[in-house]
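Content type CSV, C-alpha atoms, from the file final_0.csv:
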```csv
chain,number,residue,atom,x,y,z
A,22,MET,CA,75.8,18.0,-127.4
A,23,ARG,CA,72.7,20.1,-128.1
A,24,TRP,CA,71.0,17.3,-129.8
A,25,LEU,CA,71.2,15.2,-126.6
A,26,ARG,CA,69.4,18.0,-124.8
A,27,TYR,CA,66.7,18.1,-127.4
A,28,LEU,CA,66.3,14.3,-127.2
A,29,ASN,CA,65.8,14.5,-123.4
A,30,GLN,CA,63.2,17.2,-123.8
A,31,TRP,CA,61.4,15.2,-126.4
A,32,ARG,CA,61.4,12.2,-124.2
A,33,GLY,CA,59.8,14.1,-121.3
A,34,THR,CA,57.1,15.6,-123.5
A,35,ALA,CA,56.4,12.2,-125.1
A,36,LYS,CA,56.0,10.6,-121.7
A,37,GLU,CA,53.6,13.3,-120.6
A,38,ALA,CA,51.6,13.0,-123.8
A,39,PHE,CA,51.5,9.2,-123.3
A,40,ASP,CA,50.2,9.6,-119.8
A,41,GLN,CA,47.5,11.9,-120.8
A,42,VAL,CA,46.4,9.7,-123.7
A,43,SER,CA,46.3,6.7,-121.4
A,44,ILE,CA,44.1,8.5,-119.0
A,45,VAL,CA,41.7,9.3,-121.8
A,46,ALA,CA,41.9,5.7,-123.0
A,47,LYS,CA,41.1,4.3,-119.6
A,48,PHE,CA,38.2,6.6,-119.2
A,49,LEU,CA,36.8,5.6,-122.6
A,50,CYS,CA,37.2,2.0,-121.7
A,51,LEU,CA,35.3,2.5,-118.4
A,52,LEU,CA,32.6,4.5,-120.2
A,53,HIS,CA,32.2,1.7,-122.8
A,54,VAL,CA,32.0,-1.0,-120.1
A,55,THR,CA,29.5,1.0,-118.1
A,56,ASP,CA,27.4,1.8,-121.1
A,57,ARG,CA,27.3,-1.7,-122.5
A,58,TYR,CA,27.2,-3.8,-119.4
A,59,ILE,CA,25.8,-1.8,-116.5
A,60,ILE,CA,23.6,1.1,-117.3
A,61,SER,CA,23.0,3.2,-120.4
A,62,SER,CA,20.7,5.8,-121.8
A,63,THR,CA,18.7,5.0,-124.9
A,64,HIS,CA,16.6,7.1,-127.2
A,65,VAL,CA,13.5,5.3,-128.0
A,66,GLN,CA,10.9,6.4,-130.5
A,67,GLY,CA,7.9,5.0,-132.3
A,68,PRO,CA,4.3,4.5,-131.8
A,69,SER,CA,4.4,0.9,-130.6
A,70,MET,CA,4.7,1.7,-126.9
A,71,LEU,CA,2.0,4.4,-126.6
A,72,PRO,CA,0.9,5.6,-124.1
A,73,THR,CA,3.8,4.5,-122.0
A,74,LEU,CA,6.5,6.0,-124.2
A,75,ASN,CA,5.9,9.1,-126.3
A,76,LEU,CA,5.7,9.0,-130.1
A,77,THR,CA,8.3,11.7,-130.6
A,78,GLY,CA,11.0,10.0,-128.7
A,79,ASP,CA,12.1,9.6,-125.1
A,80,VAL,CA,15.4,9.0,-123.4
A,81,ILE,CA,15.2,6.2,-120.9
A,82,LEU,CA,17.8,4.7,-118.6
A,83,ALA,CA,18.2,1.0,-119.1
A,84,GLU,CA,20.2,-1.4,-117.0
A,85,HIS,CA,22.0,-4.3,-118.5
A,86,VAL,CA,22.5,-6.4,-115.4
A,87,SER,CA,19.2,-8.1,-114.5
A,88,HIS,CA,18.8,-10.1,-117.7
A,89,ARG,CA,22.1,-11.9,-117.0
A,90,PHE,CA,20.7,-13.2,-113.7
A,91,GLY,CA,17.3,-14.1,-115.1
A,92,LYS,CA,15.6,-11.3,-113.2
A,93,ILE,CA,13.3,-10.3,-116.1
A,94,GLY,CA,9.7,-10.5,-115.0
A,95,LEU,CA,6.2,-10.1,-116.4
A,96,GLY,CA,5.4,-6.5,-117.2
A,97,ASP,CA,8.9,-5.3,-117.5
A,98,VAL,CA,9.8,-3.0,-120.4
A,99,VAL,CA,12.8,-4.5,-122.0
A,100,LEU,CA,15.3,-3.6,-124.8
A,101,VAL,CA,15.4,-6.6,-127.1
A,102,ARG,CA,17.5,-7.1,-130.2
A,103,SER,CA,15.0,-7.6,-133.1
A,104,PRO,CA,14.9,-11.1,-134.4
A,105,THR,CA,14.1,-9.9,-137.9
A,106,ASP,CA,16.9,-7.3,-138.1
A,107,PRO,CA,20.0,-8.0,-136.0
A,108,MET,CA,21.0,-4.3,-136.3
A,109,LYS,CA,17.9,-3.0,-134.6
A,110,MET,CA,16.9,-2.8,-131.0
A,111,VAL,CA,13.2,-2.7,-130.0
A,112,THR,CA,11.6,-1.7,-126.8
A,113,LYS,CA,8.6,-3.8,-125.7
A,114,ARG,CA,6.9,-5.2,-122.7
A,115,VAL,CA,7.3,-8.8,-121.5
A,116,LEU,CA,3.9,-10.3,-121.4
A,117,GLY,CA,4.8,-14.0,-121.1
A,118,LEU,CA,7.7,-16.1,-119.7
A,119,GLU,CA,8.5,-19.7,-120.7
A,120,GLY,CA,5.6,-22.0,-120.1
A,121,HIS,CA,3.0,-19.4,-120.0
A,122,ARG,CA,-0.2,-19.7,-122.1
A,123,LEU,CA,-1.2,-16.6,-123.9
A,124,SER,CA,-4.1,-15.7,-126.2
A,125,PHE,CA,-4.1,-12.7,-128.5
A,126,PHE,CA,-6.0,-11.4,-131.4
A,127,ALA,CA,-4.3,-12.3,-134.7
A,128,ASP,CA,-5.4,-8.9,-136.1
A,129,PRO,CA,-7.1,-6.5,-133.6
A,130,LEU,CA,-8.7,-4.5,-136.3
A,131,VAL,CA,-10.3,-7.4,-138.1
A,132,GLY,CA,-12.6,-9.9,-136.4
A,133,ASP,CA,-12.5,-11.6,-133.1
A,134,ASP,CA,-10.5,-14.8,-133.8
A,135,SER,CA,-8.0,-15.2,-131.0
A,136,VAL,CA,-4.9,-17.4,-131.2
A,137,ASN,CA,-3.6,-19.5,-128.2
A,138,VAL,CA,0.0,-20.0,-127.8
A,139,VAL,CA,2.3,-21.5,-125.2
A,140,VAL,CA,5.7,-19.8,-124.8
A,141,PRO,CA,8.4,-22.4,-125.3
A,142,LYS,CA,11.3,-23.0,-123.0
A,143,GLY,CA,14.0,-20.4,-123.1
A,144,HIS,CA,11.7,-17.8,-124.8
A,145,VAL,CA,9.7,-14.8,-123.8
A,146,TRP,CA,6.7,-13.1,-125.3
A,147,ILE,CA,7.1,-9.4,-125.9
A,148,GLN,CA,4.4,-7.0,-127.0
A,149,GLY,CA,4.1,-3.3,-127.5
A,150,ASP,CA,1.6,-1.4,-125.3
A,151,ASN,CA,0.0,0.0,-128.5
A,152,VAL,CA,-1.4,-3.2,-129.9
A,153,HIS,CA,-2.6,-1.5,-133.0
A,154,ALA,CA,0.7,-0.2,-134.1
A,155,SER,CA,3.3,-2.7,-132.9
A,156,THR,CA,5.2,-5.5,-134.6
A,157,ASP,CA,6.1,-7.8,-131.8
A,158,SER,CA,5.7,-11.4,-130.8
A,159,ARG,CA,2.3,-11.5,-132.4
A,160,ASN,CA,4.1,-11.1,-135.7
A,161,PHE,CA,7.5,-12.8,-135.2
A,162,GLY,CA,6.6,-15.2,-132.4
A,163,PRO,CA,8.2,-15.7,-129.0
A,164,VAL,CA,11.8,-14.5,-128.9
A,165,PRO,CA,14.7,-16.4,-127.3
A,166,TYR,CA,15.5,-15.0,-123.9
A,167,ASP,CA,19.1,-14.3,-124.9
A,168,LEU,CA,18.0,-11.5,-127.2
A,169,ILE,CA,17.0,-9.4,-124.3
A,170,GLU,CA,19.7,-6.8,-123.7
A,171,GLY,CA,18.4,-4.6,-121.0
A,172,LYS,CA,15.6,-3.6,-118.8
A,173,ALA,CA,14.2,0.0,-118.8
A,174,LEU,CA,14.4,1.7,-115.5
A,175,LEU,CA,13.0,5.2,-115.8
A,176,ARG,CA,12.5,8.0,-118.3
A,177,VAL,CA,14.8,11.0,-118.1
A,178,TRP,CA,13.7,13.1,-121.0
A,179,PRO,CA,11.4,15.0,-121.6
A,180,LEU,CA,11.7,16.4,-118.2
A,181,ARG,CA,8.0,16.8,-117.5
A,182,CYS,CA,7.6,13.0,-117.9
A,183,PHE,CA,10.6,12.2,-115.7
A,184,GLY,CA,10.1,9.1,-113.6
A,185,SER,CA,9.3,5.5,-113.8
A,186,LEU,CA,7.4,4.0,-116.7
A,187,ARG,CA,4.0,3.1,-115.5
B,21,MET,CA,46.5,-6.8,-117.7
B,22,ALA,CA,49.6,-8.7,-118.8
B,23,GLU,CA,48.0,-12.1,-118.1
B,24,ILE,CA,45.4,-11.7,-120.7
B,25,SER,CA,47.6,-10.0,-123.2
B,26,LYS,CA,49.3,-13.2,-124.3
B,27,PRO,CA,46.4,-15.1,-125.7
B,28,MET,CA,45.0,-11.9,-127.2
B,29,ALA,CA,48.1,-11.3,-129.3
B,30,TRP,CA,47.5,-14.5,-131.2
B,31,ASN,CA,46.9,-12.8,-134.5
B,32,GLY,CA,45.8,-9.5,-135.9
B,33,GLU,CA,42.1,-10.1,-135.1
B,34,GLY,CA,42.7,-10.7,-131.5
B,35,SER,CA,44.8,-7.6,-130.6
B,36,ILE,CA,42.2,-5.1,-131.5
B,37,GLY,CA,39.7,-6.7,-129.1
B,38,ALA,CA,42.3,-6.6,-126.3
B,39,SER,CA,43.1,-2.9,-126.5
B,40,ILE,CA,39.5,-1.8,-126.6
B,41,ASN,CA,38.3,-4.0,-123.8
B,42,ARG,CA,41.0,-3.5,-121.4
B,43,ARG,CA,38.8,-2.9,-118.4
B,44,GLN,CA,36.5,-5.8,-118.2
B,45,VAL,CA,34.0,-6.6,-115.5
B,46,SER,CA,35.1,-10.2,-115.7
B,47,LEU,CA,38.5,-11.1,-117.2
B,48,PHE,CA,37.3,-14.5,-118.4
B,49,ASP,CA,34.0,-13.7,-119.9
B,50,PRO,CA,34.0,-15.3,-123.3
B,51,ARG,CA,31.8,-12.6,-124.7
B,52,HIS,CA,34.5,-10.1,-124.5
B,53,ARG,CA,37.5,-12.1,-125.6
B,54,SER,CA,37.9,-12.2,-129.3
B,55,LEU,CA,39.4,-15.7,-129.1
B,56,HIS,CA,38.8,-18.4,-126.6
B,57,ASN,CA,39.1,-22.1,-126.2
B,58,LEU,CA,36.0,-24.2,-126.2
B,59,ILE,CA,35.7,-27.8,-125.1
B,60,HIS,CA,33.1,-29.6,-127.1
B,61,SER,CA,32.0,-33.2,-126.2
B,62,ARG,CA,28.7,-34.1,-127.6
B,63,PRO,CA,27.8,-36.5,-130.4
B,64,SER,CA,26.0,-33.9,-132.5
B,65,MET,CA,28.9,-32.9,-134.6
B,66,LEU,CA,30.4,-36.3,-135.5
B,67,PRO,CA,32.5,-36.9,-137.5
B,68,THR,CA,33.8,-33.4,-137.6
B,69,LEU,CA,34.3,-33.1,-133.9
B,70,ASN,CA,35.1,-36.0,-131.6
B,71,LEU,CA,32.7,-37.6,-129.1
B,72,THR,CA,35.2,-37.5,-126.3
B,73,GLY,CA,35.9,-33.8,-126.4
B,74,ASP,CA,37.8,-31.4,-128.5
B,75,VAL,CA,39.3,-28.0,-127.7
B,76,ILE,CA,38.7,-25.6,-130.5
B,77,LEU,CA,39.6,-22.0,-131.0
B,78,ALA,CA,36.7,-19.7,-131.8
B,79,GLU,CA,36.8,-16.1,-132.8
B,80,HIS,CA,34.1,-13.6,-131.8
B,81,LEU,CA,34.7,-10.9,-134.4
B,82,SER,CA,33.2,-12.1,-137.7
B,83,HIS,CA,29.6,-12.3,-136.6
B,84,ARG,CA,29.6,-8.6,-135.6
B,85,PHE,CA,30.4,-7.7,-139.2
B,86,GLY,CA,28.0,-10.2,-140.7
B,87,LYS,CA,30.7,-12.4,-142.1
B,88,ILE,CA,29.1,-15.7,-141.2
B,89,GLY,CA,28.6,-17.8,-144.3
B,90,LEU,CA,27.2,-21.1,-145.3
B,91,GLY,CA,29.1,-24.1,-144.0
B,92,ASP,CA,30.7,-22.3,-141.1
B,93,ILE,CA,30.8,-24.0,-137.7
B,94,VAL,CA,29.4,-21.5,-135.3
B,95,LEU,CA,28.9,-21.2,-131.6
B,96,VAL,CA,25.3,-20.3,-130.9
B,97,ARG,CA,23.5,-19.6,-127.7
B,98,SER,CA,20.8,-22.2,-127.4
B,99,PRO,CA,17.3,-20.8,-127.9
B,100,THR,CA,15.8,-23.3,-125.6
B,101,ASP,CA,18.3,-22.8,-122.8
B,102,PRO,CA,19.9,-19.4,-122.5
B,103,THR,CA,22.7,-20.6,-120.3
B,104,ARG,CA,24.0,-23.1,-122.8
B,105,MET,CA,26.1,-22.7,-126.0
B,106,VAL,CA,25.9,-25.2,-128.8
B,107,THR,CA,28.2,-25.8,-131.8
B,108,LYS,CA,26.5,-26.4,-135.1
B,109,ARG,CA,27.0,-25.7,-138.8
B,110,VAL,CA,25.2,-23.0,-140.6
B,111,LEU,CA,23.3,-24.5,-143.5
B,112,GLY,CA,21.0,-21.7,-144.4
B,113,LEU,CA,21.1,-17.9,-144.3
B,114,GLU,CA,18.1,-15.6,-144.5
B,115,GLY,CA,15.9,-16.1,-147.6
B,116,HIS,CA,17.3,-19.6,-148.3
B,117,LYS,CA,14.9,-22.4,-149.0
B,118,LEU,CA,15.7,-25.6,-147.3
B,119,SER,CA,14.2,-29.1,-147.2
B,120,PHE,CA,15.0,-31.7,-144.6
B,121,SER,CA,13.6,-35.0,-143.4
B,122,ALA,CA,11.5,-34.4,-140.3
B,123,ASP,CA,12.9,-37.6,-138.7
B,124,PRO,CA,15.7,-39.3,-140.6
B,125,LEU,CA,15.0,-42.6,-138.9
B,126,VAL,CA,11.4,-42.8,-139.8
B,127,GLY,CA,10.1,-42.5,-143.3
B,128,ASP,CA,10.8,-40.0,-146.0
B,129,GLY,CA,8.5,-37.1,-145.1
B,130,SER,CA,10.5,-34.1,-146.0
B,131,VAL,CA,9.6,-30.6,-144.9
B,132,SER,CA,10.4,-27.4,-146.9
B,133,VAL,CA,11.1,-24.2,-145.1
B,134,VAL,CA,12.3,-20.7,-146.0
B,135,VAL,CA,14.7,-19.1,-143.5
B,136,PRO,CA,13.1,-15.8,-142.4
B,137,LYS,CA,14.9,-12.5,-142.4
B,138,GLY,CA,17.4,-12.0,-139.7
B,139,HIS,CA,17.7,-15.8,-138.9
B,140,VAL,CA,20.0,-18.6,-139.8
B,141,TRP,CA,19.5,-22.3,-140.0
B,142,ILE,CA,21.9,-24.4,-138.0
B,143,GLN,CA,22.3,-28.1,-138.1
B,144,GLY,CA,24.7,-30.6,-136.5
B,145,ASP,CA,26.8,-32.8,-138.8
B,146,ASN,CA,25.4,-35.9,-137.1
B,147,LEU,CA,21.8,-35.8,-138.2
B,148,TYR,CA,20.7,-38.7,-136.1
B,149,ALA,CA,21.9,-37.3,-132.7
B,150,SER,CA,21.5,-33.6,-133.0
B,151,THR,CA,18.9,-31.2,-131.7
B,152,ASP,CA,19.2,-28.2,-134.0
B,153,SER,CA,17.1,-26.1,-136.3
B,154,ARG,CA,15.1,-29.1,-137.4
B,155,ASN,CA,13.8,-29.2,-133.8
B,156,PHE,CA,13.7,-25.6,-132.7
B,157,GLY,CA,13.5,-23.8,-136.0
B,158,PRO,CA,15.7,-21.1,-137.5
B,159,VAL,CA,17.5,-19.1,-134.9
B,160,PRO,CA,17.9,-15.3,-134.9
B,161,TYR,CA,21.2,-14.2,-136.2
B,162,SER,CA,22.2,-12.3,-133.0
B,163,LEU,CA,22.3,-15.6,-131.1
B,164,VAL,CA,25.4,-16.5,-133.1
B,165,GLU,CA,28.3,-15.7,-130.8
B,166,GLY,CA,31.4,-17.0,-132.5
B,167,LYS,CA,32.9,-18.9,-135.4
B,168,ALA,CA,35.1,-21.9,-134.9
B,169,LEU,CA,38.6,-21.5,-136.4
B,170,LEU,CA,40.5,-24.6,-135.8
B,171,ARG,CA,40.9,-27.5,-133.4
B,172,VAL,CA,43.9,-27.5,-131.0
B,173,TRP,CA,43.3,-30.6,-129.0
B,174,PRO,CA,43.9,-33.6,-129.4
B,175,PRO,CA,47.2,-32.7,-131.1
B,176,ARG,CA,46.9,-35.4,-133.7
B,177,PHE,CA,43.8,-33.7,-135.0
B,178,PHE,CA,45.3,-30.2,-134.9
B,179,GLY,CA,44.1,-28.1,-137.8
B,180,SER,CA,41.1,-26.9,-139.5
B,181,LEU,CA,37.7,-28.4,-139.1
B,182,ARG,CA,36.7,-30.1,-142.4
```

Will you turn the file into structure tokens for me?
Amino acid sequence: MRWLRYLNQWRGTAKEAFDQVSIVAKFLCLLHVTDRYIISSTHVQGPSMLPTLNLTGDVILAEHVSHRFGKIGLGDVVLVRSPTDPMKMVTKRVLGLEGHRLSFFADPLVGDDSVNVVVPKGHVWIQGDNVHASTDSRNFGPVPYDLIEGKALLRVWPLRCFGSLR
Amino acid sequence: MAEISKPMAWNGEGSIGASINRRQVSLFDPRHRSLHNLIHSRPSMLPTLNLTGDVILAEHLSHRFGKIGLGDIVLVRSPTDPTRMVTKRVLGLEGHKLSFSADPLVGDGSVSVVVPKGHVWIQGDNLYASTDSRNFGPVPYSLVEGKALLRVWPPRFFGSLR
């Protein structure tokens, strides 16, 4: 009956392997939920938020809880899904909530003509801090509130710039 | 997690979503489930959906792979009210040229519009009683949250939505 013994050994090993794999799977699920719905680190780069965020790329911590409770306020740096490219996320500052009246220069390099706009209901107006090198609501208009996916908390990399984004 | 595994095992699409999203912050958040029931009771989608309320099954996988096509009935988060979901039909994808009557009850003035990149044009089947893209313009694609599969209630209308 040696094959019965082998079967029992195999069963024990299989159970142990399954337990280990399920621990890893649970951890990955927890990691995914935390990263997507609670807090995550994001690498942002680009010139559109100079001087707040560096050109060469920063790692910031962003939380994904406030926007579900409507706690996005004026001046917050938010992570927004781009309305022109659903695969891309952009980082901009909220400069207008629904009902606010805003005026901005249609093209800051050319002339002085300014455009007045009222942010419609359910939308926000986002703008990069670097008005000369940012495609934002001045280009694609106010974005629906639901495209906001997170609010930036603080910068963690590079280390010399560690701290809040002000 | 046995109590949510039963509706998840509806078909092949649903089971993948269940195994990955085992630990959910909220068990009944429709964003996480790959299938859920939706009760719809507005006149904007007559005659496809009834006035008195239908329950439809909607899946939340296709829009993540970009598989929303023309003529699909989709669940979209309203751009005017972020807490509300609306059910409309997709009548234009990005780059399509559309023309519609600005107000179907008054006159013939028709407006031509090109759907910008990353947006879709949604419209209710009941043109006279629907606020849709004719009112709030094309909506960004990522506001689409699900695609309607079939109607499950009332039972005499069980089946696909055509």

Task: atom CA of B:Gly91 to atom CA of B:Leu111, distance in Å rounded to a single decimal - done: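 Distance between the two atoms: 5.8 Å.
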
TODO: Rank nothing, just name the residue among B:Leu118, B:Ile142, B:Met105, B:Ala149 nearest to chain A, using only C-alpha atoms.
DONE: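 Checking each candidate against chain A, we get B:Met105 as the closest.
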
Task: Among listed residues B:Val133, B:Leu169, B:Leu81, B:Val96, nearest chain A (using all atoms listed in the file) - done: B:Val96

- [ ] Tell me which of B:Asp145, B:Glu165, B:Glu114, B:Asp92 sits closest to B:Leu69, counting all atoms listed in the file.
- [x]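 Closest to B:Leu69, using all atoms listed in the file: B:Asp145.
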
Per residue of chain A within 7 Å of chain B, note the shortest atom pair and the distance in Å to one decimal, counting only C-alpha atoms, and order the rows by chain and increasing residue number, as CSV.
```
residue,atom,partner,partner_atom,distance
A:Cys50,CA,B:Arg43,CA,6.1
A:Leu51,CA,B:Arg43,CA,6.4
A:Val54,CA,B:Gln44,CA,6.8
A:Pro104,CA,B:Pro160,CA,5.2
A:Thr105,CA,B:Gly138,CA,4.3
A:Asp106,CA,B:Gly138,CA,5.0
A:Pro107,CA,B:Ser162,CA,5.7
A:Lys142,CA,B:Thr100,CA,5.2
A:Gly143,CA,B:Thr100,CA,4.2
A:His144,CA,B:Thr100,CA,6.9
A:Pro165,CA,B:Pro99,CA,5.1
A:Tyr166,CA,B:Pro102,CA,6.4
A:Asp167,CA,B:Pro102,CA,5.7
```

Got time to write the residues from that selection, C-alpha atoms, as a PDB file, in the frame of the given file?
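Written output follows (selection35.pdb):
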```pdb
ATOM      1  CA  CYS A  50      37.200   2.000-121.700  1.00  0.00           C
ATOM      2  CA  LEU A  51      35.300   2.500-118.400  1.00  0.00           C
ATOM      3  CA  VAL A  54      32.000  -1.000-120.100  1.00  0.00           C
ATOM      4  CA  PRO A 104      14.900 -11.100-134.400  1.00  0.00           C
ATOM      5  CA  THR A 105      14.100  -9.900-137.900  1.00  0.00           C
ATOM      6  CA  ASP A 106      16.900  -7.300-138.100  1.00  0.00           C
ATOM      7  CA  PRO A 107      20.000  -8.000-136.000  1.00  0.00           C
ATOM      8  CA  LYS A 142      11.300 -23.000-123.000  1.00  0.00           C
ATOM      9  CA  GLY A 143      14.000 -20.400-123.100  1.00  0.00           C
ATOM     10  CA  HIS A 144      11.700 -17.800-124.800  1.00  0.00           C
ATOM     11  CA  PRO A 165      14.700 -16.400-127.300  1.00  0.00           C
ATOM     12  CA  TYR A 166      15.500 -15.000-123.900  1.00  0.00           C
ATOM     13  CA  ASP A 167      19.100 -14.300-124.900  1.00  0.00           C
TER      14      ASP A 167
END
```

TODO: Kindly indicate which residue among A:Arg114, A:Lys109, A:Lys92, A:Arg159 lies nearest to A:Phe126, using all atoms listed in the file for the distances.
DONE: A:Arg159

TODO: Find, counting all atoms listed in the file, the residue in A:Gln41, A:Ser103, A:Thr77, A:Ser61 that gets nearest to A:Ser158.
DONE: A:Ser103

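The spacing separating atom CA of B:Val164 from atom CA of B:Ser64 amounts to 17.4 Å.
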
- [ ] One decimal, Å: what's the distance from atom CA of A:Asn29 over to atom CA of A:Val42, could you say?
- [x] 20.0 Å

Task: A:Ala127 surroundings by all atoms listed in the file, 12 Å radius, close-in-sequence under 4 positions cut, as a list in words - done: Val131, Gly132, Asp133, Asp134, Ser135, Val136, Asn137, Val138, Val152, His153, Thr156, Asp157, Ser158, Arg159, Asn160, Phe161 and Gly162 of chain A

Task: Protein, DNA and RNA residues within 9 Å of (0.3, -16.7, -123.3), all atoms listed in the file, as a list in words - done: Leu116, Gly117, Leu118, Gly120, His121, Arg122, Leu123, Ser124, Phe125, Asn137, Val138, Val139, Val140 and Trp146 of chain A

Please save C-alpha atoms of the selected residues as a CSV table (one decimal), in the coordinates of the input.
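Generated file (part02.csv):
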```
chain,number,residue,atom,x,y,z
A,116,LEU,CA,3.9,-10.3,-121.4
A,117,GLY,CA,4.8,-14.0,-121.1
A,118,LEU,CA,7.7,-16.1,-119.7
A,120,GLY,CA,5.6,-22.0,-120.1
A,121,HIS,CA,3.0,-19.4,-120.0
A,122,ARG,CA,-0.2,-19.7,-122.1
A,123,LEU,CA,-1.2,-16.6,-123.9
A,124,SER,CA,-4.1,-15.7,-126.2
A,125,PHE,CA,-4.1,-12.7,-128.5
A,137,ASN,CA,-3.6,-19.5,-128.2
A,138,VAL,CA,0.0,-20.0,-127.8
A,139,VAL,CA,2.3,-21.5,-125.2
A,140,VAL,CA,5.7,-19.8,-124.8
A,146,TRP,CA,6.7,-13.1,-125.3
```

- [ ] Counting only C-alpha atoms, figure out which residue out of A:Gly184, A:Pro72, A:Pro179, A:Gly149 gets nearest to A:Lys113.
- [x] A:Gly149
